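J.: What follows is a single structure, and I will ask about it in a moment.
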Amino acid sequence: MLTIGWPSAVVFVFGFRLNYKQKTEYVKSSKMKTVSVALVLCLNVGVDPPDVVKTSPCARLECWIDPLSMSPQKALETIGANLQKQYENWQPRGWPLFSCGATVADARYKQSLDPTVDEVKKLCTSLRRNAKEERVLFHYNGHGVPRPTVNGEIWVFNKNYTQYIPLSIYDLQTWMGSPSIFVYDCSNAGIIVKSFKQFALQREQELEVAAINPSHPLAQMPLPPSMKNCIQLAACEASELLPMNPDLPADLFTSCLTTPIKIALRWFCMQKSAKLVPGVTLDLIEKIPGRLNDRRTPLGELNWIFTAITDTIAWNVLPRDLFQKLFRQDLLVASLFRNFLLAERIMRSYNCTPVSSPRLPPTYMHAMWQAWDLAVDICLSQLPTIIEEGTAFRHSPFFAEQLTAFQVWLTMGVENRNPPEQLPIVLQVLLSQVHRLRALDLLGRFLDLGPWAVSLVRTALHLLYLSDYMRQSHIKSRTLYFYNSPSFCSAKFYSCLDVYALSVGIFPYVLKLLQSSARELRPLLVFIWAKILAVDSEACLQGNLIANCLEQLSDPHPLLRQWVAICLGRIWQNFDPARWCGVRDSAHEKLYTLLSDPIPEVRCAAVFALGTFVGNSAERTDHSTTIDHNVAMMLAQLINDGSPVVRKELVVALSHLVVQYESNFCTVALQFIEEEKNYMVPSPANTAEPGNLTPVRDSPAIPRLRSVNSYTNIRAATTARNLNKSLQNLNLNEEGGPAAFSPGNLSTSSSASSTLGSPDNDEYILSFETIDKMRRVSSYSSLNSLIGVSFNSVYTQIWRVLLHLAADPFPEVSDLAMKVLNSIAYKATVNARPQRILDSGSLTRSAPASPTSKGTHIHQAGGSPPMPSTSSSSLTNEVPKPPAREQPATRPPYTPTLGGQAPHSHQFPRTRKMFDKGPEQIPEEHDLESQVRMERQWRFLRNTRVRRHSRSITQRGVSRLDDQIFINRNPGVPSVVKFHPFNTCIAVADKDSICFWDWEKGERLDYFYNGNPRYTRITAMEYLNGHDCSLLLTATDDGALRIWKNFADQKNPEMVTAWQGLSDMLPTTRGAGMVVDWEQETGLLMTSGDVRVIRIWDTDREMKVQDIPTGADSCVTSLSCDSQRSLIVAGLGDGSVRVFDRRMGPNECRVMTYREHGAWVVKAHLQKETDGHIISVSVNGDVRFFEPRIPDSINVLQTVKGLTALDIHPQANLFACGSMNQFIAVYNANGDVISNIKYYDGFMGQRIGAISCLAFHPYWPHLAVGSNDYYMSIYSAEKRLR
């Protein structure tokens, strides 16, 4: 999954790499450079050639020098020196290239002024000999000699300058060799290009004849190089003369190639449109302030814009392979071809058509030239005031506008459309400190679209930043930081062309930025880096990326920590040299710290990195096996992590270990299967038959539940301060589903290197019932102390972890674990050997250190052979969904996975929907006119009305509460009831399902299955974020917590998240089950029950933050908390009421214990006021009031005995008691009975059933009552009060 900040949650990068052959060809093609330049000038100053009739006046300037203003010889030398300087602007003389420390030979510039044939031959052969296989440039100015001939000849001089001597292009080819680039600035230059191609073809034919005929003269000679790699630039077509306009230089073509800004501004001023810019003259243009290499100045900004525009035109018009060859292989060639686009535009206006080989499509009418004209217009319009009055220069809005256009493409784009035209400009803008952050953000969002986006960036980016550095006047002293050791070292900016294309382009730039003080850039940079890593991990390894990433693991920015872990996981995925590099740097040990990171996305990224670390398919040694065991035991500690994203990635990581040590796990699986057969574990509920172990998750009485996306978890809405915060999560859903951007959102899979076998029948080898039985038979105490466990039993412990995860309350986690377990169980049973039945001691002896039969069982068993990973299939994409209502209550049949693949990372899928929205998009709620914003405002206004109206009622006092306003029969016996605080919805839970009613209309809104196993029951419910987009939390007596959304609103309910809130609970029919209390202000969830601790969960971090020991041997029956005082009050089954201050340590946090109740505490309530009291009630009916600072009760009230349910109204001074004796009593604060309810209204006096649950509305004076006869009724105050 390279994000940014958009953080999908981590995905990472895309699962494609260059194979060795592709990489070799790509590296070879990317190493081309021009190392020698021959400048051949045939001017013969003062003498016009005989076949050219010049106009009067005529163009005279050569290299911006008037040759008639000085002596002929001095003019010739001056023009030659100027031409060399102009070329050096694009490739400096002696420029240091970027290499791993070695200095390359200086770029040779040799002038040949008015030469002879021998001088040209000597010059060309010398440069070719020194250049070896690198490129040589031949620049020919033939303004002082006749035009080229149709026989393929250009002209030079004899020694005495009395004759023009022809020079054959065939001979020139022989001397120059290949690769070469030729520039022809003369009339009829197109003739040379045609002749060059004819001679090149002739050479190819001669070589073919020589290859067939050994007696041919060429057969005895070394093979000459092919001319196919030669490039030609010619000033005009074969039948055209050069322009002679006196306002233009004579070498207009050369001026366009070597001084593009100067000639472009002069040409602009000569156009009619320039009259719209008053006061600008040709003389004024010469005074434009600034330098070409300083982007803060007018001249530098124009040069920057020109580079971006010409690069963009070429990238959009040229085929990708041609663009790569001409604009990304060679710095000098790329500069010349960018400037050639300008030459075509200018010279076509004078009826002259420049020619190139390879030929380019016409670009002179491209729309981006209008943007260039606008930029020139804006700049020149300021010149008079800047020069005359000294006013400050206003920078062009060009780059900001192009970034906006790119952003529009990202936001509004659709599939099946061309890539964004502005991509090269976005990459250019990375050089600007002003626009860098925005450009990095947009680039990250673009890279997150898929592998094709990474490929485009690679094409567009290569050499872009190098070319910028080469234009710096102080390039020789400029340094760039790159990785040569675990720490940064500064090195001269030497030969970058020796490194892979990615290293040439973005890596040095990213490394430099990573050291800058702008820490806000780092997450985006690492995200982009991670996205590109999939292409070439070796380049990153050469740059010592691992060491640098490890240094950033403790960075305070969570997105950086997340993407650093992603980078590491991608580097060593199936790449053993990188893995051992990480071992040497103790990378796995340093990643352990991220397993307890407060941000779930970071934890998930760390699990991903450690999973790919142990998932490498290379052969194992004892050392590597020990490391794998260490990593596995550390990962196992996340078994009860609060984030399903982390647990899903944990299953994938452990599946890598299972694949690597398959034979060991098969042995463990056989032993567990045998042990399971020898034990009979009845359901704790002990209902009728063993079939009760069938998970009710597949009950037919429920609607089909959609697949759960954990990125929609409650962290986005737990607190008021987080309501407007966009959730930045790693989770990227499978193709077609919603997904999060990660500067953001990277998107690859951590697929195992080997395959897991799968049964070829349609049933699980291990059913859910069998796995659950195994889980409860085996000892779980070891899961809490995995550190220190002998590694001889690592495989046993990991198997237990997988069994535990197979019973995870989150369906996708359990389904993934089921697949891993069944794959091994299938292989173990089919490939059973004589040592199949082992004694328990055999599992503690050392297993083989390295699995030698990995991946062979499935072939021996006749199962499906392993298949290579595909780009769009995975186990996680085939997770079985719970059945619909009409289907039988059995687990779905097992569907063999594609080729028996191991599960890949669900957070980091192989493919991405093209325009999935990432986390970095602007939330719709920030738009003041959006529907989301309007709905939220409406909810807040509704909440205010409810609070105000209900307060006016309770302040007047409630004297009676027996007016029945709702009654209906619930589908199941009500066990927990909960009013929604602001709308007219009430949730009623029975044993394993939840029904929603509109108590005002008397209608049933929804009824769905909670997903808990049949032997468990729902014991608590809470509304989360009731003031806004409400979520419903359910707690069951096996310690599982589930959170739902889309309930009671005509939509299918959807599970947001689920986790094991309490891991040590054993379901029982006589316990308290699980009790919870929710702090909306802090987002903390207090949980306890049939355990000896109170566990506090931070729902924003999705992790446990505190365990408070109760200090009692009985269960916790009730919880109540106050965020302002940080107090927690717990009622216990032994009758005690205990007060805890969670700010204190575990041994000191119990600040008060009350033991005045003699029986089970039904309810303990802490009033939220600053001096609020504690109210507790036991089953004996005694109500006691406590002041938290006083050890004894301050008031005692006696109600009826045999209480089964009780609730206290948080606003009004009321409490209600429900009894097994089929009545309800409502009391005021003084202990006076204000209402006794024994009969249903409208049922001919039918007596109510035994009370199973009751609850007050948080604001209204409403009381909901559930009874064992399935009826649910609501009572309210007198109508006149309402």
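Naming scheme: A, B, ... for chains in displayed order of the structure tokens; residues 1 onward per chain; ligands 1 onward as shown.
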Could you give me, as a PyMOL selection string, the residues within 12 Å of A:Arg942, counting only C-alpha atoms and dropping anything in the same chain fewer than 3 positions from it?

T.: chain A and resi 935-939+945-949+981-984+1026-1028

J.: Can you write out the residues you just picked, keeping N, CA and C atoms, as a PDB file, in the first residue's frame?

T.:
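Generated output (out-v2.pdb):
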ATOM      1  N   GLU A 935     -27.351  17.797   7.041  1.00  0.00           N
ATOM      2  CA  GLU A 935     -27.924  16.784   7.919  1.00  0.00           C
ATOM      3  C   GLU A 935     -27.327  16.864   9.308  1.00  0.00           C
ATOM      4  N   ARG A 936     -26.066  17.151   9.390  1.00  0.00           N
ATOM      5  CA  ARG A 936     -25.436  17.257  10.707  1.00  0.00           C
ATOM      6  C   ARG A 936     -25.978  18.467  11.472  1.00  0.00           C
ATOM      7  N   GLN A 937     -26.137  19.562  10.797  1.00  0.00           N
ATOM      8  CA  GLN A 937     -26.697  20.734  11.465  1.00  0.00           C
ATOM      9  C   GLN A 937     -28.116  20.453  11.945  1.00  0.00           C
ATOM     10  N   TRP A 938     -28.872  19.728  11.111  1.00  0.00           N
ATOM     11  CA  TRP A 938     -30.242  19.390  11.526  1.00  0.00           C
ATOM     12  C   TRP A 938     -30.221  18.521  12.779  1.00  0.00           C
ATOM     13  N   ARG A 939     -29.327  17.555  12.841  1.00  0.00           N
ATOM     14  CA  ARG A 939     -29.252  16.694  14.022  1.00  0.00           C
ATOM     15  C   ARG A 939     -28.898  17.489  15.264  1.00  0.00           C
ATOM     16  N   ARG A 945     -33.275  20.798  20.852  1.00  0.00           N
ATOM     17  CA  ARG A 945     -34.708  20.824  21.193  1.00  0.00           C
ATOM     18  C   ARG A 945     -35.062  19.736  22.194  1.00  0.00           C
ATOM     19  N   VAL A 946     -34.518  18.541  21.995  1.00  0.00           N
ATOM     20  CA  VAL A 946     -34.820  17.433  22.922  1.00  0.00           C
ATOM     21  C   VAL A 946     -34.318  17.769  24.319  1.00  0.00           C
ATOM     22  N   ARG A 947     -33.118  18.265  24.430  1.00  0.00           N
ATOM     23  CA  ARG A 947     -32.575  18.594  25.748  1.00  0.00           C
ATOM     24  C   ARG A 947     -33.400  19.681  26.425  1.00  0.00           C
ATOM     25  N   ARG A 948     -33.750  20.719  25.667  1.00  0.00           N
ATOM     26  CA  ARG A 948     -34.481  21.839  26.265  1.00  0.00           C
ATOM     27  C   ARG A 948     -35.882  21.419  26.697  1.00  0.00           C
ATOM     28  N   HIS A 949     -36.584  20.695  25.836  1.00  0.00           N
ATOM     29  CA  HIS A 949     -37.956  20.293  26.157  1.00  0.00           C
ATOM     30  C   HIS A 949     -37.983  19.297  27.311  1.00  0.00           C
ATOM     31  N   PRO A 981     -30.766   8.398  22.477  1.00  0.00           N
ATOM     32  CA  PRO A 981     -30.941   9.628  23.256  1.00  0.00           C
ATOM     33  C   PRO A 981     -31.759  10.716  22.559  1.00  0.00           C
ATOM     34  N   PHE A 982     -31.820  10.723  21.212  1.00  0.00           N
ATOM     35  CA  PHE A 982     -32.429  11.877  20.561  1.00  0.00           C
ATOM     36  C   PHE A 982     -33.527  11.540  19.554  1.00  0.00           C
ATOM     37  N   ASN A 983     -33.540  10.374  18.977  1.00  0.00           N
ATOM     38  CA  ASN A 983     -34.646  10.051  18.080  1.00  0.00           C
ATOM     39  C   ASN A 983     -35.598   9.064  18.757  1.00  0.00           C
ATOM     40  N   THR A 984     -36.611   8.644  18.056  1.00  0.00           N
ATOM     41  CA  THR A 984     -37.667   7.812  18.661  1.00  0.00           C
ATOM     42  C   THR A 984     -37.403   6.327  18.456  1.00  0.00           C
ATOM     43  N   GLY A1026     -24.288   9.163  19.925  1.00  0.00           N
ATOM     44  CA  GLY A1026     -25.732   9.302  19.796  1.00  0.00           C
ATOM     45  C   GLY A1026     -26.164  10.674  19.330  1.00  0.00           C
ATOM     46  N   HIS A1027     -25.335  11.677  19.520  1.00  0.00           N
ATOM     47  CA  HIS A1027     -25.678  13.038  19.122  1.00  0.00           C
ATOM     48  C   HIS A1027     -25.515  13.270  17.630  1.00  0.00           C
ATOM     49  N   ASP A1028     -24.844  12.333  16.930  1.00  0.00           N
ATOM     50  CA  ASP A1028     -24.565  12.559  15.509  1.00  0.00           C
ATOM     51  C   ASP A1028     -24.900  11.290  14.731  1.00  0.00           C
TER      52      ASP A1028
END

J.: Would you please work out which residue, of A:Arg1070, A:Arg338, A:Arg320, A:Arg147, is nearest to A:Pro260 when using only C-alpha atoms?

T.: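 Closest candidate: A:Arg338.
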
J.: Which parts of stretch 991-1083 of chain A does DSSP call strand (DSSP E or B) when run on the backbone here, written out as a PyMOL selection string?

T.: chain A and resi 993-998+1003-1009+1018-1024+1031-1036+1040-1045+1054-1060+1074-1079

J.: For N, CA and C atoms, I'd like the residues from the last selection saved as a short mmCIF file (atom, residue, chain, number, x, y, z; two decimals), in the first residue's frame.

T.:
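out.cif was written with the following content:
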data_model
loop_
_atom_site.label_atom_id
_atom_site.label_comp_id
_atom_site.auth_asym_id
_atom_site.auth_seq_id
_atom_site.Cartn_x
_atom_site.Cartn_y
_atom_site.Cartn_z
N SER A 993 -29.82 -11.48 19.09
CA SER A 993 -30.30 -10.60 18.03
C SER A 993 -30.75 -9.28 18.62
N ILE A 994 -30.95 -8.31 17.74
CA ILE A 994 -31.33 -6.97 18.17
C ILE A 994 -32.50 -6.52 17.33
N CYS A 995 -33.52 -6.01 18.00
CA CYS A 995 -34.70 -5.50 17.32
C CYS A 995 -34.80 -4.00 17.58
N PHE A 996 -35.15 -3.24 16.56
CA PHE A 996 -35.30 -1.80 16.69
C PHE A 996 -36.76 -1.44 16.48
N TRP A 997 -37.27 -0.60 17.37
CA TRP A 997 -38.66 -0.17 17.32
C TRP A 997 -38.72 1.35 17.29
N ASP A 998 -39.70 1.87 16.57
CA ASP A 998 -40.04 3.29 16.67
C ASP A 998 -41.15 3.38 17.70
N GLU A 1003 -43.88 1.03 15.35
CA GLU A 1003 -43.47 0.19 14.24
C GLU A 1003 -42.12 -0.47 14.54
N ARG A 1004 -41.98 -1.71 14.02
CA ARG A 1004 -40.69 -2.36 14.09
C ARG A 1004 -39.84 -1.90 12.91
N LEU A 1005 -38.64 -1.44 13.18
CA LEU A 1005 -37.79 -0.88 12.15
C LEU A 1005 -36.82 -1.91 11.57
N ASP A 1006 -36.30 -2.75 12.41
CA ASP A 1006 -35.29 -3.69 11.93
C ASP A 1006 -35.12 -4.79 12.97
N TYR A 1007 -34.61 -5.91 12.51
CA TYR A 1007 -34.28 -7.03 13.40
C TYR A 1007 -33.14 -7.79 12.74
N PHE A 1008 -32.00 -7.84 13.40
CA PHE A 1008 -30.86 -8.52 12.80
C PHE A 1008 -30.08 -9.27 13.87
N TYR A 1009 -29.28 -10.20 13.36
CA TYR A 1009 -28.52 -11.10 14.21
C TYR A 1009 -27.18 -10.45 14.58
N ILE A 1018 -26.19 -11.68 24.63
CA ILE A 1018 -25.94 -10.25 24.72
C ILE A 1018 -26.27 -9.80 26.14
N THR A 1019 -25.31 -9.11 26.78
CA THR A 1019 -25.52 -8.67 28.15
C THR A 1019 -25.46 -7.16 28.32
N ALA A 1020 -25.06 -6.41 27.30
CA ALA A 1020 -24.99 -4.95 27.44
C ALA A 1020 -25.05 -4.32 26.06
N MET A 1021 -25.57 -3.09 26.02
CA MET A 1021 -25.59 -2.28 24.80
C MET A 1021 -25.33 -0.84 25.15
N GLU A 1022 -24.72 -0.12 24.19
CA GLU A 1022 -24.49 1.31 24.35
C GLU A 1022 -24.60 1.98 22.99
N TYR A 1023 -25.20 3.19 22.97
CA TYR A 1023 -25.16 4.01 21.76
C TYR A 1023 -23.89 4.86 21.80
N LEU A 1024 -23.12 4.81 20.74
CA LEU A 1024 -21.94 5.64 20.60
C LEU A 1024 -22.26 6.77 19.64
N LEU A 1031 -23.78 4.91 16.37
CA LEU A 1031 -23.34 3.53 16.27
C LEU A 1031 -23.89 2.78 17.48
N LEU A 1032 -24.07 1.49 17.34
CA LEU A 1032 -24.57 0.67 18.44
C LEU A 1032 -23.51 -0.35 18.82
N LEU A 1033 -23.13 -0.34 20.10
CA LEU A 1033 -22.18 -1.31 20.62
C LEU A 1033 -22.93 -2.39 21.38
N THR A 1034 -22.59 -3.64 21.11
CA THR A 1034 -23.16 -4.77 21.84
C THR A 1034 -22.03 -5.53 22.51
N ALA A 1035 -22.28 -6.03 23.70
CA ALA A 1035 -21.31 -6.82 24.45
C ALA A 1035 -21.95 -8.16 24.80
N THR A 1036 -21.20 -9.23 24.63
CA THR A 1036 -21.70 -10.58 24.92
C THR A 1036 -20.87 -11.20 26.04
N ALA A 1040 -16.80 -10.55 23.84
CA ALA A 1040 -16.69 -9.92 22.52
C ALA A 1040 -17.50 -8.64 22.46
N LEU A 1041 -16.95 -7.66 21.74
CA LEU A 1041 -17.61 -6.38 21.51
C LEU A 1041 -17.81 -6.21 20.01
N ARG A 1042 -19.01 -5.78 19.63
CA ARG A 1042 -19.32 -5.54 18.23
C ARG A 1042 -19.96 -4.17 18.10
N ILE A 1043 -19.64 -3.48 17.03
CA ILE A 1043 -20.20 -2.15 16.79
C ILE A 1043 -20.87 -2.16 15.42
N TRP A 1044 -22.10 -1.62 15.38
CA TRP A 1044 -22.92 -1.67 14.17
C TRP A 1044 -23.29 -0.27 13.73
N LYS A 1045 -23.52 -0.16 12.41
CA LYS A 1045 -24.06 1.08 11.86
C LYS A 1045 -25.15 0.71 10.86
N GLU A 1054 -24.65 -2.96 9.23
CA GLU A 1054 -23.28 -3.28 8.83
C GLU A 1054 -22.38 -3.21 10.03
N MET A 1055 -21.58 -4.25 10.20
CA MET A 1055 -20.64 -4.27 11.32
C MET A 1055 -19.49 -3.32 11.02
N VAL A 1056 -19.24 -2.41 11.94
CA VAL A 1056 -18.15 -1.46 11.78
C VAL A 1056 -16.84 -2.08 12.25
N THR A 1057 -16.87 -2.65 13.43
CA THR A 1057 -15.68 -3.29 13.97
C THR A 1057 -16.12 -4.25 15.05
N ALA A 1058 -15.24 -5.13 15.44
CA ALA A 1058 -15.50 -6.08 16.51
C ALA A 1058 -14.16 -6.52 17.07
N TRP A 1059 -14.12 -6.77 18.37
CA TRP A 1059 -12.88 -7.24 18.98
C TRP A 1059 -13.20 -7.92 20.30
N GLN A 1060 -12.21 -8.60 20.83
CA GLN A 1060 -12.37 -9.31 22.09
C GLN A 1060 -12.06 -8.34 23.21
N MET A 1074 -20.94 -9.61 30.45
CA MET A 1074 -20.04 -8.48 30.22
C MET A 1074 -20.80 -7.19 30.45
N VAL A 1075 -20.23 -6.29 31.24
CA VAL A 1075 -20.86 -5.00 31.51
C VAL A 1075 -19.93 -3.92 30.98
N VAL A 1076 -20.52 -2.84 30.50
CA VAL A 1076 -19.74 -1.76 29.88
C VAL A 1076 -20.29 -0.42 30.31
N ASP A 1077 -19.45 0.60 30.16
CA ASP A 1077 -19.90 1.98 30.29
C ASP A 1077 -19.08 2.82 29.33
N TRP A 1078 -19.74 3.78 28.71
CA TRP A 1078 -19.15 4.54 27.61
C TRP A 1078 -18.99 6.00 28.00
N GLU A 1079 -17.78 6.55 27.79
CA GLU A 1079 -17.52 7.97 28.01
C GLU A 1079 -17.46 8.66 26.65
#

J.: Skip stretch 178-193 of chain A itself and residues of its chain fewer than 6 positions away, then list as a VMD selection string all residues within 8 Å of it, counting only C-alpha atoms.

T.: chain A and resid 133 to 143 147 to 150 152 to 154 169 225 to 227 229 to 242 251 253 to 254 355 to 357

J.: Just write the chosen residues, N, CA and C atoms, as a compact mmCIF listing (two decimals), in the first residue's frame.

T.:
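Final output, again_31.txt:
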# COMPACT_ATOMS: atom_id res chain seq x y z
N GLU A 133 31.71 3.89 -25.89
CA GLU A 133 30.34 3.55 -26.28
C GLU A 133 29.35 4.65 -25.91
N GLU A 134 29.85 5.79 -25.47
CA GLU A 134 28.95 6.88 -25.12
C GLU A 134 28.67 7.74 -26.36
N ARG A 135 27.77 8.70 -26.17
CA ARG A 135 27.31 9.49 -27.30
C ARG A 135 28.24 10.68 -27.57
N VAL A 136 28.38 11.01 -28.87
CA VAL A 136 29.16 12.16 -29.32
C VAL A 136 28.24 13.07 -30.12
N LEU A 137 28.37 14.38 -29.92
CA LEU A 137 27.55 15.35 -30.64
C LEU A 137 28.39 16.03 -31.71
N PHE A 138 27.82 16.13 -32.91
CA PHE A 138 28.47 16.82 -34.03
C PHE A 138 27.58 17.97 -34.45
N HIS A 139 28.06 19.21 -34.21
CA HIS A 139 27.31 20.41 -34.59
C HIS A 139 27.96 21.02 -35.82
N TYR A 140 27.15 21.20 -36.88
CA TYR A 140 27.67 21.72 -38.15
C TYR A 140 26.94 23.00 -38.51
N ASN A 141 27.70 24.08 -38.66
CA ASN A 141 27.18 25.36 -39.14
C ASN A 141 27.76 25.59 -40.53
N GLY A 142 26.91 25.54 -41.56
CA GLY A 142 27.38 25.68 -42.95
C GLY A 142 26.92 26.95 -43.60
N HIS A 143 26.88 28.06 -42.84
CA HIS A 143 26.41 29.33 -43.40
C HIS A 143 27.42 29.96 -44.35
N ARG A 147 25.34 24.88 -50.26
CA ARG A 147 24.34 24.01 -49.67
C ARG A 147 24.71 22.54 -49.86
N PRO A 148 24.19 21.63 -49.03
CA PRO A 148 24.49 20.19 -49.19
C PRO A 148 24.05 19.71 -50.55
N THR A 149 24.74 18.68 -51.01
CA THR A 149 24.44 18.13 -52.33
C THR A 149 23.50 16.94 -52.21
N VAL A 150 22.85 16.63 -53.32
CA VAL A 150 21.93 15.49 -53.34
C VAL A 150 22.69 14.18 -53.25
N GLY A 152 24.71 13.53 -50.99
CA GLY A 152 25.02 13.29 -49.58
C GLY A 152 26.35 13.86 -49.15
N GLU A 153 26.60 15.12 -49.50
CA GLU A 153 27.86 15.76 -49.15
C GLU A 153 27.61 17.12 -48.53
N ILE A 154 28.42 17.45 -47.55
CA ILE A 154 28.47 18.81 -47.01
C ILE A 154 29.84 19.38 -47.37
N ILE A 169 28.78 12.34 -46.22
CA ILE A 169 28.11 11.93 -44.98
C ILE A 169 28.46 10.49 -44.64
N PRO A 225 29.65 -0.12 -35.93
CA PRO A 225 28.40 0.03 -35.16
C PRO A 225 27.23 0.40 -36.06
N SER A 226 26.06 0.03 -35.62
CA SER A 226 24.85 0.37 -36.36
C SER A 226 24.53 1.85 -36.19
N MET A 227 23.99 2.44 -37.26
CA MET A 227 23.64 3.85 -37.23
C MET A 227 22.21 4.09 -36.70
N ASN A 229 21.06 4.04 -33.76
CA ASN A 229 20.99 4.81 -32.52
C ASN A 229 21.42 6.26 -32.68
N CYS A 230 21.62 6.69 -33.92
CA CYS A 230 22.02 8.08 -34.16
C CYS A 230 20.80 8.98 -34.25
N ILE A 231 20.97 10.20 -33.76
CA ILE A 231 19.90 11.19 -33.73
C ILE A 231 20.34 12.37 -34.59
N GLN A 232 19.40 12.96 -35.35
CA GLN A 232 19.71 14.10 -36.22
C GLN A 232 18.71 15.23 -35.99
N LEU A 233 19.20 16.44 -35.98
CA LEU A 233 18.38 17.64 -35.90
C LEU A 233 18.81 18.56 -37.04
N ALA A 234 17.88 18.89 -37.91
CA ALA A 234 18.19 19.73 -39.08
C ALA A 234 17.33 20.98 -39.06
N ALA A 235 17.90 22.08 -39.56
CA ALA A 235 17.23 23.38 -39.46
C ALA A 235 16.04 23.51 -40.39
N CYS A 236 16.02 22.77 -41.51
CA CYS A 236 14.93 22.96 -42.46
C CYS A 236 14.81 21.73 -43.35
N GLU A 237 13.76 21.75 -44.17
CA GLU A 237 13.54 20.65 -45.10
C GLU A 237 14.55 20.72 -46.25
N ALA A 238 14.54 19.67 -47.08
CA ALA A 238 15.53 19.56 -48.16
C ALA A 238 15.40 20.67 -49.19
N SER A 239 14.23 21.25 -49.32
CA SER A 239 14.02 22.27 -50.36
C SER A 239 13.90 23.67 -49.78
N GLU A 240 14.22 23.88 -48.55
CA GLU A 240 13.99 25.18 -47.89
C GLU A 240 15.30 25.89 -47.60
N LEU A 241 15.22 27.23 -47.63
CA LEU A 241 16.34 28.08 -47.24
C LEU A 241 16.09 28.62 -45.84
N LEU A 242 17.17 28.97 -45.17
CA LEU A 242 17.04 29.53 -43.83
C LEU A 242 16.45 30.94 -43.91
N ASP A 251 21.81 32.29 -37.37
CA ASP A 251 21.73 30.91 -36.88
C ASP A 251 20.50 30.74 -35.99
N PHE A 253 18.20 28.55 -35.94
CA PHE A 253 18.02 27.19 -35.44
C PHE A 253 18.93 26.92 -34.24
N THR A 254 20.20 27.34 -34.35
CA THR A 254 21.12 27.16 -33.23
C THR A 254 20.69 27.98 -32.02
N VAL A 355 13.63 19.58 -39.07
CA VAL A 355 13.49 18.14 -39.29
C VAL A 355 14.29 17.42 -38.20
N SER A 356 13.74 16.30 -37.76
CA SER A 356 14.44 15.49 -36.77
C SER A 356 14.36 14.03 -37.18
N SER A 357 15.34 13.28 -36.73
CA SER A 357 15.34 11.82 -36.91
C SER A 357 15.80 11.21 -35.58

J.: At a cut-off of 8 Å, using only C-alpha atoms, what residues contact A:Leu39? Leave out same-chain residues fewer than 4 positions from it and give the result as a PDB file with C-alpha atoms, in the first residue's frame.

T.:
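Saved the output as result_15.pdb:
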ATOM      1  CA  GLY A  80      33.128  29.538 -31.676  1.00  0.00           C
ATOM      2  CA  LEU A  83      28.691  28.571 -29.200  1.00  0.00           C
ATOM      3  CA  GLN A  84      30.636  26.445 -26.742  1.00  0.00           C
ATOM      4  CA  TYR A 109      34.317  20.388 -26.236  1.00  0.00           C
ATOM      5  CA  LYS A 110      36.404  20.682 -29.378  1.00  0.00           C
ATOM      6  CA  GLN A 111      36.055  23.489 -31.903  1.00  0.00           C
ATOM      7  CA  SER A 112      36.933  23.152 -35.553  1.00  0.00           C
ATOM      8  CA  LEU A 113      36.730  26.563 -37.226  1.00  0.00           C
ATOM      9  CA  PHE A 138      28.468  16.818 -34.031  1.00  0.00           C
ATOM     10  CA  HIS A 139      27.305  20.409 -34.588  1.00  0.00           C
ATOM     11  CA  TYR A 140      27.668  21.722 -38.152  1.00  0.00           C
TER      12      TYR A 140
END

J.: By how many Å are atom CA of A:Asp1090 and atom CA of A:Cys1115 apart?

T.: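 For atom CA of A:Asp1090 relative to atom CA of A:Cys1115, the distance reads 4.6 Å.
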
J.: Identify, on the basis of only C-alpha atoms, every residue whose closest approach to stretch 570-574 of chain A does not exceed 6 Å; exclude the query and any residue fewer than 3 positions from it along the same chain; express the result as a PyMOL selection string.

T.: chain A and resi 537+567+578-579+612+616

J.: Give the answer as one residue: which of A:Gly144, A:Gly957, A:Gly300, A:His557 has the shortest atom-to-atom distance to A:Asp48, using only C-alpha atoms?

T.: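 Of A:Gly144, A:Gly957, A:Gly300, A:His557, the one nearest A:Asp48, counting only C-alpha atoms, is A:Gly144.
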
J.: Can you pull out every residue from stretch 945-1163 of chain A that DSSP, working from the backbone, puts in helix (DSSP H, G or I), and format the result as number ranges by chain?

T.: A: 945-956
